[in-house]
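File shown here: my_file_11.pdb, holding PDB, C-alpha atoms, pLDDT in the B column.
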```
ATOM      1  CA  MET M  38       6.794  30.610  42.012  1.00 49.00           C
ATOM      2  CA  GLU M  39       9.299  28.250  43.573  1.00 50.00           C
ATOM      3  CA  THR M  40      12.876  28.906  42.645  1.00 49.00           C
ATOM      4  CA  ALA M  41      15.227  26.164  41.579  1.00 48.00           C
ATOM      5  CA  PRO M  42      17.973  25.198  44.010  1.00 50.00           C
ATOM      6  CA  VAL M  43      21.388  26.737  43.489  1.00 50.00           C
ATOM      7  CA  PRO M  44      23.379  24.441  41.187  1.00 54.00           C
ATOM      8  CA  ASP M  45      25.760  22.344  43.227  1.00 67.00           C
ATOM      9  CA  ASN M  46      26.743  19.625  40.827  1.00 83.00           C
ATOM     10  CA  PRO M  47      28.079  19.546  37.259  1.00 88.00           C
ATOM     11  CA  ARG M  48      24.868  18.219  35.700  1.00 93.00           C
ATOM     12  CA  GLN M  49      22.814  20.922  37.305  1.00 91.00           C
ATOM     13  CA  ARG M  50      25.246  23.583  36.136  1.00 91.00           C
ATOM     14  CA  VAL M  51      25.003  22.263  32.568  1.00 92.00           C
ATOM     15  CA  LEU M  52      21.213  22.261  32.775  1.00 92.00           C
ATOM     16  CA  GLU M  53      21.196  25.809  34.035  1.00 91.00           C
ATOM     17  CA  ALA M  54      23.477  26.935  31.224  1.00 90.00           C
ATOM     18  CA  LYS M  55      21.071  25.375  28.731  1.00 88.00           C
ATOM     19  CA  GLY M  56      17.961  26.785  30.339  1.00 90.00           C
ATOM     20  CA  LEU M  57      16.723  23.328  31.284  1.00 93.00           C
ATOM     21  CA  ILE M  58      16.229  23.823  35.002  1.00 94.00           C
ATOM     22  CA  HIS M  59      12.758  22.997  36.292  1.00 94.00           C
ATOM     23  CA  ALA M  60      11.436  26.212  37.814  1.00 93.00           C
ATOM     24  CA  ARG M  61       9.333  24.315  40.347  1.00 95.00           C
ATOM     25  CA  ALA M  62      11.793  21.612  41.281  1.00 95.00           C
ATOM     26  CA  GLY M  63      10.865  22.079  44.915  1.00 95.00           C
ATOM     27  CA  LEU M  64       7.347  20.874  44.180  1.00 96.00           C
ATOM     28  CA  VAL M  65       8.455  17.575  42.680  1.00 96.00           C
ATOM     29  CA  THR M  66       7.379  14.870  45.099  1.00 96.00           C
ATOM     30  CA  ALA M  67       7.191  11.839  42.786  1.00 96.00           C
ATOM     31  CA  SER M  68       8.843   8.856  44.371  1.00 94.00           C
ATOM     32  CA  PRO M  69      11.853   8.318  42.094  1.00 94.00           C
ATOM     33  CA  PHE M  70      13.022  11.860  42.738  1.00 95.00           C
ATOM     34  CA  SER M  71      12.723  11.590  46.487  1.00 91.00           C
ATOM     35  CA  ARG M  72      14.694   8.380  46.867  1.00 87.00           C
ATOM     36  CA  PRO M  73      17.522   9.198  49.264  1.00 86.00           C
ATOM     37  CA  GLY M  74      21.103   8.876  48.169  1.00 85.00           C
ATOM     38  CA  GLN M  75      20.455   8.725  44.460  1.00 89.00           C
ATOM     39  CA  THR M  76      21.570  11.246  41.842  1.00 91.00           C
ATOM     40  CA  PHE M  77      19.966   9.801  38.711  1.00 96.00           C
ATOM     41  CA  PHE M  78      16.574  11.391  39.268  1.00 97.00           C
ATOM     42  CA  LEU M  79      17.118  15.121  39.553  1.00 96.00           C
ATOM     43  CA  ALA M  80      14.090  17.291  40.267  1.00 96.00           C
ATOM     44  CA  ALA M  81      15.865  20.249  38.686  1.00 95.00           C
ATOM     45  CA  ASP M  82      16.227  18.396  35.356  1.00 96.00           C
ATOM     46  CA  LYS M  83      13.188  19.743  33.557  1.00 96.00           C
ATOM     47  CA  VAL M  84      13.397  17.342  30.637  1.00 97.00           C
ATOM     48  CA  GLN M  85      13.660  14.323  32.920  1.00 98.00           C
ATOM     49  CA  VAL M  86      10.798  15.565  35.075  1.00 98.00           C
ATOM     50  CA  LYS M  87       8.593  16.013  32.005  1.00 97.00           C
ATOM     51  CA  TYR M  88       9.444  12.520  30.819  1.00 97.00           C
ATOM     52  CA  GLU M  89       8.790  10.990  34.221  1.00 98.00           C
ATOM     53  CA  MET M  90       5.505  12.860  34.458  1.00 97.00           C
ATOM     54  CA  LEU M  91       4.319  11.319  31.191  1.00 97.00           C
ATOM     55  CA  ARG M  92       5.741   7.968  32.198  1.00 97.00           C
ATOM     56  CA  THR M  93       3.879   7.815  35.470  1.00 97.00           C
ATOM     57  CA  HIS M  94       0.671   8.556  33.573  1.00 96.00           C
ATOM     58  CA  TYR M  95       1.125   6.223  30.610  1.00 95.00           C
ATOM     59  CA  VAL M  96       3.068   3.404  32.229  1.00 95.00           C
ATOM     60  CA  ASP M  97       1.985   3.456  35.863  1.00 95.00           C
ATOM     61  CA  GLY M  98      -1.581   4.585  35.181  1.00 95.00           C
ATOM     62  CA  THR M  99      -1.503   7.668  37.398  1.00 96.00           C
ATOM     63  CA  ASN M 100      -4.170  10.165  36.411  1.00 97.00           C
ATOM     64  CA  ALA M 101      -3.098  13.370  34.693  1.00 96.00           C
ATOM     65  CA  THR M 102      -3.887  15.639  37.635  1.00 96.00           C
ATOM     66  CA  THR M 103      -1.794  13.640  40.081  1.00 97.00           C
ATOM     67  CA  ALA M 104       0.985  13.087  37.575  1.00 97.00           C
ATOM     68  CA  ALA M 105       1.143  16.839  37.037  1.00 97.00           C
ATOM     69  CA  SER M 106       1.031  17.890  40.678  1.00 97.00           C
ATOM     70  CA  THR M 107       3.677  15.420  41.826  1.00 97.00           C
ATOM     71  CA  HIS M 108       6.034  16.721  39.164  1.00 97.00           C
ATOM     72  CA  GLY M 109       5.547  20.420  39.795  1.00 96.00           C
ATOM     73  CA  TYR M 110       3.205  21.040  36.877  1.00 96.00           C
ATOM     74  CA  SER M 111      -0.368  22.176  36.521  1.00 96.00           C
ATOM     75  CA  ARG M 112      -2.872  19.979  34.724  1.00 95.00           C
ATOM     76  CA  ALA M 113      -2.754  22.368  31.780  1.00 95.00           C
ATOM     77  CA  GLY M 114       1.024  22.099  31.818  1.00 94.00           C
ATOM     78  CA  PHE M 115       0.757  18.340  31.689  1.00 95.00           C
ATOM     79  CA  TYR M 116      -1.313  18.523  28.533  1.00 94.00           C
ATOM     80  CA  LEU M 117       1.131  20.927  26.932  1.00 94.00           C
ATOM     81  CA  VAL M 118       3.972  18.488  27.588  1.00 95.00           C
ATOM     82  CA  GLU M 119       1.864  15.594  26.360  1.00 94.00           C
ATOM     83  CA  GLY M 120       1.008  17.510  23.200  1.00 91.00           C
ATOM     84  CA  ALA M 121       4.640  18.351  22.539  1.00 92.00           C
ATOM     85  CA  PHE M 122       5.584  14.695  22.879  1.00 93.00           C
ATOM     86  CA  SER M 123       2.715  13.595  20.704  1.00 91.00           C
ATOM     87  CA  GLU M 124       3.778  15.987  17.992  1.00 88.00           C
ATOM     88  CA  SER M 125       7.536  15.676  18.117  1.00 88.00           C
ATOM     89  CA  GLY M 126       8.508  12.728  20.280  1.00 91.00           C
ATOM     90  CA  MET M 127      11.419  13.016  22.693  1.00 94.00           C
ATOM     91  CA  ILE M 128      12.748  16.160  21.035  1.00 92.00           C
ATOM     92  CA  GLY M 129       9.438  17.762  21.977  1.00 93.00           C
ATOM     93  CA  LEU M 130      10.471  17.553  25.627  1.00 95.00           C
ATOM     94  CA  LEU M 131      13.168  20.130  24.952  1.00 92.00           C
ATOM     95  CA  ASP M 132      11.868  23.642  25.021  1.00 75.00           C
ATOM     96  CA  GLU M 133      13.976  24.771  22.119  1.00 54.00           C
ATOM     97  CA  ARG M 134      12.566  25.032  18.661  1.00 51.00           C
ATOM     98  CA  ARG M 135      14.703  23.197  16.148  1.00 48.00           C
ATOM     99  CA  GLY M 136      15.134  23.722  12.471  1.00 46.00           C
ATOM    100  CA  ARG M 137      14.303  27.063  10.925  1.00 43.00           C
ATOM    101  CA  LYS M 138      16.516  29.852  12.181  1.00 43.00           C
ATOM    102  CA  GLY M 139      15.125  32.610  10.035  1.00 43.00           C
ATOM    103  CA  PRO M 140      11.888  34.421  10.694  1.00 44.00           C
ATOM    104  CA  LEU M 141      10.163  33.212   7.556  1.00 55.00           C
ATOM    105  CA  ARG M 142       8.395  29.996   6.826  1.00 66.00           C
ATOM    106  CA  VAL M 143       9.101  27.972   3.722  1.00 78.00           C
ATOM    107  CA  THR M 144       7.492  30.115   1.080  1.00 81.00           C
ATOM    108  CA  ASP M 145       5.990  28.846  -2.159  1.00 82.00           C
ATOM    109  CA  GLU M 146       8.989  30.334  -3.912  1.00 85.00           C
ATOM    110  CA  ILE M 147      11.386  28.273  -1.816  1.00 87.00           C
ATOM    111  CA  VAL M 148       9.282  25.147  -2.293  1.00 86.00           C
ATOM    112  CA  GLY M 149       9.357  25.697  -6.041  1.00 88.00           C
ATOM    113  CA  PHE M 150      13.100  26.174  -5.989  1.00 88.00           C
ATOM    114  CA  LEU M 151      13.717  23.020  -3.965  1.00 89.00           C
ATOM    115  CA  GLN M 152      11.429  20.873  -6.040  1.00 87.00           C
ATOM    116  CA  ALA M 153      13.018  22.096  -9.246  1.00 89.00           C
ATOM    117  CA  ALA M 154      16.525  21.406  -7.977  1.00 89.00           C
ATOM    118  CA  ALA M 155      18.373  18.552  -9.642  1.00 88.00           C
ATOM    119  CA  THR M 156      17.866  15.284  -7.806  1.00 86.00           C
ATOM    120  CA  ASP M 157      21.590  14.788  -7.388  1.00 89.00           C
ATOM    121  CA  ARG M 158      21.969  18.008  -5.424  1.00 89.00           C
ATOM    122  CA  THR M 159      23.054  17.339  -1.865  1.00 89.00           C
ATOM    123  CA  THR M 160      20.988  18.651   1.010  1.00 88.00           C
ATOM    124  CA  PRO M 161      23.876  20.670   2.502  1.00 87.00           C
ATOM    125  CA  SER M 162      24.410  22.422  -0.821  1.00 89.00           C
ATOM    126  CA  LEU M 163      20.718  23.300  -0.931  1.00 89.00           C
ATOM    127  CA  VAL M 164      20.833  24.578   2.648  1.00 85.00           C
ATOM    128  CA  THR M 165      23.581  26.939   1.546  1.00 85.00           C
ATOM    129  CA  GLU M 166      21.868  28.018  -1.644  1.00 86.00           C
ATOM    130  CA  VAL M 167      18.511  28.648   0.035  1.00 84.00           C
ATOM    131  CA  ALA M 168      20.287  30.774   2.621  1.00 80.00           C
ATOM    132  CA  GLU M 169      22.048  32.767  -0.083  1.00 79.00           C
ATOM    133  CA  ARG M 170      19.037  33.183  -2.363  1.00 81.00           C
ATOM    134  CA  PHE M 171      16.253  33.658   0.156  1.00 78.00           C
ATOM    135  CA  GLY M 172      17.990  34.653   3.369  1.00 75.00           C
ATOM    136  CA  VAL M 173      16.415  31.759   5.257  1.00 75.00           C
ATOM    137  CA  THR M 174      18.389  29.046   7.000  1.00 77.00           C
ATOM    138  CA  LEU M 175      16.417  25.833   6.782  1.00 80.00           C
ATOM    139  CA  HIS M 176      17.091  22.612   8.605  1.00 79.00           C
ATOM    140  CA  ARG M 177      18.185  19.812   6.320  1.00 81.00           C
ATOM    141  CA  ARG M 178      15.140  17.777   7.302  1.00 80.00           C
ATOM    142  CA  THR M 179      12.867  20.584   6.200  1.00 82.00           C
ATOM    143  CA  ILE M 180      14.579  20.579   2.838  1.00 85.00           C
ATOM    144  CA  GLU M 181      14.309  16.812   2.526  1.00 84.00           C
ATOM    145  CA  ARG M 182      10.622  16.849   3.409  1.00 82.00           C
ATOM    146  CA  THR M 183       9.956  19.607   0.931  1.00 84.00           C
ATOM    147  CA  ARG M 184      11.733  17.746  -1.850  1.00 84.00           C
ATOM    148  CA  ARG M 185       9.720  14.600  -1.165  1.00 80.00           C
ATOM    149  CA  ARG M 186       6.392  16.364  -1.468  1.00 74.00           C
TER     150      ARG M 186
ATOM    151  CA  MET F   3       0.602  16.857  13.584  1.00 49.00           C
ATOM    152  CA  ILE F   4       2.016  13.392  14.086  1.00 50.00           C
ATOM    153  CA  ALA F   5       0.493  11.643  17.078  1.00 65.00           C
ATOM    154  CA  ARG F   6       3.178   9.541  18.755  1.00 80.00           C
ATOM    155  CA  SER F   7       2.428   7.106  21.489  1.00 88.00           C
ATOM    156  CA  PHE F   8       4.522   7.334  24.612  1.00 91.00           C
ATOM    157  CA  TRP F   9       4.695   3.648  25.343  1.00 91.00           C
ATOM    158  CA  PRO F  10       6.292   1.315  24.473  1.00 91.00           C
ATOM    159  CA  ALA F  11       9.488   3.238  23.914  1.00 90.00           C
ATOM    160  CA  GLY F  12       9.750   4.057  20.248  1.00 86.00           C
ATOM    161  CA  GLU F  13      12.853   6.185  19.985  1.00 91.00           C
ATOM    162  CA  ALA F  14      16.518   5.497  20.550  1.00 93.00           C
ATOM    163  CA  ALA F  15      16.830   8.243  23.168  1.00 94.00           C
ATOM    164  CA  GLN F  16      13.866   6.857  25.056  1.00 96.00           C
ATOM    165  CA  GLU F  17      15.296   3.345  24.941  1.00 95.00           C
ATOM    166  CA  ASP F  18      18.669   4.646  26.146  1.00 95.00           C
ATOM    167  CA  TYR F  19      17.024   6.390  29.052  1.00 97.00           C
ATOM    168  CA  GLU F  20      14.867   3.417  29.976  1.00 97.00           C
ATOM    169  CA  GLN F  21      17.919   1.154  30.059  1.00 97.00           C
ATOM    170  CA  LEU F  22      19.724   3.528  32.381  1.00 97.00           C
ATOM    171  CA  ARG F  23      16.600   3.967  34.501  1.00 97.00           C
ATOM    172  CA  ASN F  24      16.058   0.238  34.861  1.00 97.00           C
ATOM    173  CA  ALA F  25      19.669  -0.294  35.837  1.00 96.00           C
ATOM    174  CA  VAL F  26      19.596   2.446  38.449  1.00 95.00           C
ATOM    175  CA  LEU F  27      16.384   1.176  40.000  1.00 94.00           C
ATOM    176  CA  ALA F  28      17.845  -2.326  40.058  1.00 94.00           C
ATOM    177  CA  GLY F  29      20.911  -1.036  41.858  1.00 93.00           C
ATOM    178  CA  VAL F  30      23.207  -1.740  38.935  1.00 94.00           C
ATOM    179  CA  PRO F  31      25.939   0.856  38.350  1.00 94.00           C
ATOM    180  CA  ILE F  32      25.526   2.615  35.019  1.00 94.00           C
ATOM    181  CA  VAL F  33      28.626   2.814  32.867  1.00 94.00           C
ATOM    182  CA  GLY F  34      29.522   3.662  29.294  1.00 95.00           C
ATOM    183  CA  THR F  35      29.227   6.633  27.013  1.00 93.00           C
ATOM    184  CA  THR F  36      25.455   6.904  27.311  1.00 94.00           C
ATOM    185  CA  ALA F  37      25.691   6.944  31.087  1.00 96.00           C
ATOM    186  CA  ASP F  38      28.459   9.530  30.925  1.00 95.00           C
ATOM    187  CA  ARG F  39      26.372  11.649  28.623  1.00 95.00           C
ATOM    188  CA  PHE F  40      23.427  11.466  30.975  1.00 96.00           C
ATOM    189  CA  ARG F  41      25.552  12.370  33.971  1.00 95.00           C
ATOM    190  CA  HIS F  42      26.847  15.376  32.101  1.00 94.00           C
ATOM    191  CA  GLY F  43      23.652  16.910  30.809  1.00 94.00           C
ATOM    192  CA  GLY F  44      20.726  14.724  31.805  1.00 96.00           C
ATOM    193  CA  LEU F  45      17.987  13.457  29.551  1.00 96.00           C
ATOM    194  CA  GLY F  46      18.221  16.514  27.309  1.00 95.00           C
ATOM    195  CA  ASP F  47      21.753  15.534  26.315  1.00 94.00           C
ATOM    196  CA  LEU F  48      20.652  11.987  25.459  1.00 94.00           C
ATOM    197  CA  ILE F  49      17.909  13.356  23.245  1.00 94.00           C
ATOM    198  CA  ARG F  50      20.218  15.794  21.490  1.00 91.00           C
ATOM    199  CA  GLN F  51      22.900  13.170  20.985  1.00 87.00           C
ATOM    200  CA  ARG F  52      20.490  10.796  19.288  1.00 82.00           C
ATOM    201  CA  ASP F  53      18.989  13.582  17.228  1.00 74.00           C
ATOM    202  CA  GLU F  54      22.413  14.712  16.023  1.00 72.00           C
ATOM    203  CA  ARG F  55      23.303  11.134  15.180  1.00 65.00           C
ATOM    204  CA  GLU F  56      20.179  10.785  13.068  1.00 62.00           C
ATOM    205  CA  ASP F  57      21.055  14.022  11.302  1.00 57.00           C
ATOM    206  CA  ALA F  58      24.532  12.684  10.572  1.00 54.00           C
ATOM    207  CA  ILE F  59      23.092   9.478   9.143  1.00 54.00           C
ATOM    208  CA  THR F  60      20.725  11.496   6.979  1.00 51.00           C
ATOM    209  CA  GLU F  61      23.658  13.523   5.742  1.00 49.00           C
ATOM    210  CA  VAL F  62      25.638  10.440   4.767  1.00 51.00           C
ATOM    211  CA  GLN F  63      22.651   8.989   2.962  1.00 51.00           C
ATOM    212  CA  THR F  64      21.978  12.196   1.054  1.00 48.00           C
TER     213      THR F  64
END
```
Just give me the structure as structure tokens.
Amino acid sequence: METAPVPDNPRQRVLEAKGLIHARAGLVTASPFSRPGQTFFLAADKVQVKYEMLRTHYVDGTNATTAASTHGYSRAGFYLVEGAFSESGMIGLLDERRGRKGPLRVTDEIVGFLQAAATDRTTPSLVTEVAERFGVTLHRRTIERTRRR
Amino acid sequence: MIARSFWPAGEAAQEDYEQLRNAVLAGVPIVGTTADRFRHGGLGDLIRQRDEREDAITEVQT
């Protein structure tokens, strides 16, 4: 596996701290990234590389295999990125999983509690109460979706 | 699973990035808070910033 270059600029250091360095930055050959003298397109910026890989496929019409290989990804990797975007949009390009911090999913018991909660209860107060009652920290959007069901 | 189309840009973070991208490729200097954010942490920071903003709006509306 190619190793990412040693961080030598502030953006790259931030990306490294956040675990967002493209592990195969050295294999990125797509034209925007190889333009001399520019700093906007950074092959080490994994999120940007994923976006540009999808962009070159959907906007420029490059086939998936070429889009993948010129951005340091396998064809299978391309489809994983595409699937993540399809499911979650831009946030899907980040590797992190948002929302639930506890190990449990929203159980029927929690759903029942949320749906029985008074309609004037605020979401933050329900976040707190669910955490206290069930030991699960839910994202506010999860709570809002559950209440709308 | 929600199937989202990649193009045209449908999210604020994507629109932000496309504006910066177009400017850069046109040779126009990028300035402003969005540009600063991008310079600091790349596209990931733009995405997080927009996501946090949407969360804040949701909170106010709650």
Counting only C-alpha atoms, which residues from chain M have an atom at most 10 Å from any atom of chain F, and could you show them as a compact mmCIF listing (two decimals) with C-alpha atoms, in the frame of the given file?
```
# COMPACT_ATOMS: atom_id res chain seq x y z
CA ASN M 46 26.74 19.62 40.83
CA PRO M 47 28.08 19.55 37.26
CA ARG M 48 24.87 18.22 35.70
CA GLN M 49 22.81 20.92 37.30
CA ARG M 50 25.25 23.58 36.14
CA VAL M 51 25.00 22.26 32.57
CA LEU M 52 21.21 22.26 32.78
CA GLU M 53 21.20 25.81 34.03
CA LYS M 55 21.07 25.38 28.73
CA LEU M 57 16.72 23.33 31.28
CA PRO M 69 11.85 8.32 42.09
CA GLN M 75 20.45 8.72 44.46
CA THR M 76 21.57 11.25 41.84
CA PHE M 77 19.97 9.80 38.71
CA PHE M 78 16.57 11.39 39.27
CA LEU M 79 17.12 15.12 39.55
CA ASP M 82 16.23 18.40 35.36
CA LYS M 83 13.19 19.74 33.56
CA VAL M 84 13.40 17.34 30.64
CA GLN M 85 13.66 14.32 32.92
CA VAL M 86 10.80 15.56 35.08
CA TYR M 88 9.44 12.52 30.82
CA LEU M 91 4.32 11.32 31.19
CA ARG M 92 5.74 7.97 32.20
CA HIS M 94 0.67 8.56 33.57
CA TYR M 95 1.12 6.22 30.61
CA VAL M 96 3.07 3.40 32.23
CA GLU M 119 1.86 15.59 26.36
CA GLY M 120 1.01 17.51 23.20
CA ALA M 121 4.64 18.35 22.54
CA PHE M 122 5.58 14.70 22.88
CA SER M 123 2.72 13.60 20.70
CA GLU M 124 3.78 15.99 17.99
CA SER M 125 7.54 15.68 18.12
CA GLY M 126 8.51 12.73 20.28
CA MET M 127 11.42 13.02 22.69
CA ILE M 128 12.75 16.16 21.04
CA GLY M 129 9.44 17.76 21.98
CA LEU M 130 10.47 17.55 25.63
CA LEU M 131 13.17 20.13 24.95
CA ASP M 132 11.87 23.64 25.02
CA ASP M 157 21.59 14.79 -7.39
CA ARG M 158 21.97 18.01 -5.42
CA THR M 159 23.05 17.34 -1.86
CA THR M 160 20.99 18.65 1.01
CA PRO M 161 23.88 20.67 2.50
CA HIS M 176 17.09 22.61 8.60
CA ARG M 177 18.18 19.81 6.32
CA ARG M 178 15.14 17.78 7.30
CA GLU M 181 14.31 16.81 2.53
```
Selection dump of the PyMOL selection byres ((chain M and resi 68) around 12), as a PyMOL selection string: (chain M and resi 65-67+69-73+75+78-80+86+89-90+93+104+107-108) or (chain F and resi 27)
Pairwise distance for CA of Gly74 in chain M and CA of Arg61 in chain M, rounded to one decimal in Å: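 Here the two named atoms are 20.9 Å from each other.
Taking CA of Arg186 in chain M as the reference point, CA of Glu169 in chain M is found at 22.7 Å.
For the pair CA of Gly109 in chain M and CA of Gln51 in chain F, the separation is 26.6 Å.
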On this structure, which residues satisfy the PyMOL selection byres ((chain M and resi 150) around 12), written as a list in words?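 Residues picked by the PyMOL selection byres ((chain M and resi 150) around 12): Val143, Thr144, Asp145, Glu146, Ile147, Val148, Gly149, Leu151, Gln152, Ala153, Ala154, Ala155, Leu163, Val164, Glu166, Val167, Arg170, Phe171, Ile180, Thr183 and Arg184 of chain M.
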Could the residues in this selection be written to a file with C-alpha atoms, as a PDB file, in the frame of the given file?
```
ATOM      1  CA  VAL M 143       9.101  27.972   3.722  1.00 78.00           C
ATOM      2  CA  THR M 144       7.492  30.115   1.080  1.00 81.00           C
ATOM      3  CA  ASP M 145       5.990  28.846  -2.159  1.00 82.00           C
ATOM      4  CA  GLU M 146       8.989  30.334  -3.912  1.00 85.00           C
ATOM      5  CA  ILE M 147      11.386  28.273  -1.816  1.00 87.00           C
ATOM      6  CA  VAL M 148       9.282  25.147  -2.293  1.00 86.00           C
ATOM      7  CA  GLY M 149       9.357  25.697  -6.041  1.00 88.00           C
ATOM      8  CA  LEU M 151      13.717  23.020  -3.965  1.00 89.00           C
ATOM      9  CA  GLN M 152      11.429  20.873  -6.040  1.00 87.00           C
ATOM     10  CA  ALA M 153      13.018  22.096  -9.246  1.00 89.00           C
ATOM     11  CA  ALA M 154      16.525  21.406  -7.977  1.00 89.00           C
ATOM     12  CA  ALA M 155      18.373  18.552  -9.642  1.00 88.00           C
ATOM     13  CA  LEU M 163      20.718  23.300  -0.931  1.00 89.00           C
ATOM     14  CA  VAL M 164      20.833  24.578   2.648  1.00 85.00           C
ATOM     15  CA  GLU M 166      21.868  28.018  -1.644  1.00 86.00           C
ATOM     16  CA  VAL M 167      18.511  28.648   0.035  1.00 84.00           C
ATOM     17  CA  ARG M 170      19.037  33.183  -2.363  1.00 81.00           C
ATOM     18  CA  PHE M 171      16.253  33.658   0.156  1.00 78.00           C
ATOM     19  CA  ILE M 180      14.579  20.579   2.838  1.00 85.00           C
ATOM     20  CA  THR M 183       9.956  19.607   0.931  1.00 84.00           C
ATOM     21  CA  ARG M 184      11.733  17.746  -1.850  1.00 84.00           C
TER      22      ARG M 184
END
```
Centre and size of axis-aligned box enclosing range 48-63 of chain M plus 6 Å each side, as AutoDock Vina command-line options:
```
--center_x 17.3 --center_y 22.6 --center_z 36.8 --size_x 27.9 --size_y 20.7 --size_z 28.2
```
Where atoms are absent from range 25-42 of chain F, fill them in so it carries N, CA and C atoms, then output it as a PDB file, keeping the file's coordinate frame.
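The result, stored in out09.pdb:
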```pdb
ATOM      1  N   ALA F  25      18.447   0.105  35.141  1.00 96.00           N
ATOM      2  CA  ALA F  25      19.669  -0.294  35.837  1.00 96.00           C
ATOM      3  C   ALA F  25      19.762   0.394  37.195  1.00 96.00           C
ATOM      4  N   VAL F  26      19.507   1.684  37.198  1.00 95.00           N
ATOM      5  CA  VAL F  26      19.596   2.446  38.449  1.00 95.00           C
ATOM      6  C   VAL F  26      18.620   1.896  39.491  1.00 95.00           C
ATOM      7  N   LEU F  27      17.394   1.660  39.048  1.00 94.00           N
ATOM      8  CA  LEU F  27      16.384   1.176  40.000  1.00 94.00           C
ATOM      9  C   LEU F  27      16.683  -0.245  40.470  1.00 94.00           C
ATOM     10  N   ALA F  28      17.456  -0.974  39.658  1.00 94.00           N
ATOM     11  CA  ALA F  28      17.845  -2.326  40.058  1.00 94.00           C
ATOM     12  C   ALA F  28      19.124  -2.326  40.889  1.00 94.00           C
ATOM     13  N   GLY F  29      19.689  -1.130  41.063  1.00 93.00           N
ATOM     14  CA  GLY F  29      20.911  -1.036  41.858  1.00 93.00           C
ATOM     15  C   GLY F  29      22.164  -1.387  41.100  1.00 93.00           C
ATOM     16  N   VAL F  30      22.046  -1.410  39.768  1.00 94.00           N
ATOM     17  CA  VAL F  30      23.207  -1.740  38.935  1.00 94.00           C
ATOM     18  C   VAL F  30      23.911  -0.448  38.540  1.00 94.00           C
ATOM     19  N   PRO F  31      25.220  -0.366  38.742  1.00 94.00           N
ATOM     20  CA  PRO F  31      25.939   0.856  38.350  1.00 94.00           C
ATOM     21  C   PRO F  31      25.811   1.094  36.841  1.00 94.00           C
ATOM     22  N   ILE F  32      25.620   2.321  36.449  1.00 94.00           N
ATOM     23  CA  ILE F  32      25.526   2.615  35.019  1.00 94.00           C
ATOM     24  C   ILE F  32      26.880   3.107  34.520  1.00 94.00           C
ATOM     25  N   VAL F  33      27.317   2.483  33.428  1.00 94.00           N
ATOM     26  CA  VAL F  33      28.626   2.814  32.867  1.00 94.00           C
ATOM     27  C   VAL F  33      28.500   2.944  31.355  1.00 94.00           C
ATOM     28  N   GLY F  34      29.514   3.531  30.756  1.00 95.00           N
ATOM     29  CA  GLY F  34      29.522   3.662  29.294  1.00 95.00           C
ATOM     30  C   GLY F  34      29.260   5.087  28.853  1.00 95.00           C
ATOM     31  N   THR F  35      29.329   5.276  27.546  1.00 93.00           N
ATOM     32  CA  THR F  35      29.227   6.633  27.013  1.00 93.00           C
ATOM     33  C   THR F  35      27.830   7.230  27.217  1.00 93.00           C
ATOM     34  N   THR F  36      26.807   6.385  27.114  1.00 94.00           N
ATOM     35  CA  THR F  36      25.455   6.904  27.311  1.00 94.00           C
ATOM     36  C   THR F  36      25.268   7.357  28.751  1.00 94.00           C
ATOM     37  N   ALA F  37      25.774   6.569  29.669  1.00 96.00           N
ATOM     38  CA  ALA F  37      25.691   6.944  31.087  1.00 96.00           C
ATOM     39  C   ALA F  37      26.475   8.223  31.352  1.00 96.00           C
ATOM     40  N   ASP F  38      27.645   8.315  30.738  1.00 95.00           N
ATOM     41  CA  ASP F  38      28.459   9.530  30.925  1.00 95.00           C
ATOM     42  C   ASP F  38      27.722  10.750  30.379  1.00 95.00           C
ATOM     43  N   ARG F  39      27.106  10.553  29.236  1.00 95.00           N
ATOM     44  CA  ARG F  39      26.372  11.649  28.623  1.00 95.00           C
ATOM     45  C   ARG F  39      25.223  12.103  29.543  1.00 95.00           C
ATOM     46  N   PHE F  40      24.547  11.132  30.086  1.00 96.00           N
ATOM     47  CA  PHE F  40      23.427  11.466  30.975  1.00 96.00           C
ATOM     48  C   PHE F  40      23.930  12.212  32.217  1.00 96.00           C
ATOM     49  N   ARG F  41      25.023  11.711  32.774  1.00 95.00           N
ATOM     50  CA  ARG F  41      25.552  12.370  33.971  1.00 95.00           C
ATOM     51  C   ARG F  41      25.950  13.807  33.675  1.00 95.00           C
ATOM     52  N   HIS F  42      26.395  14.033  32.460  1.00 94.00           N
ATOM     53  CA  HIS F  42      26.847  15.376  32.101  1.00 94.00           C
ATOM     54  C   HIS F  42      25.682  16.351  31.940  1.00 94.00           C
TER      55      HIS F  42
END
```
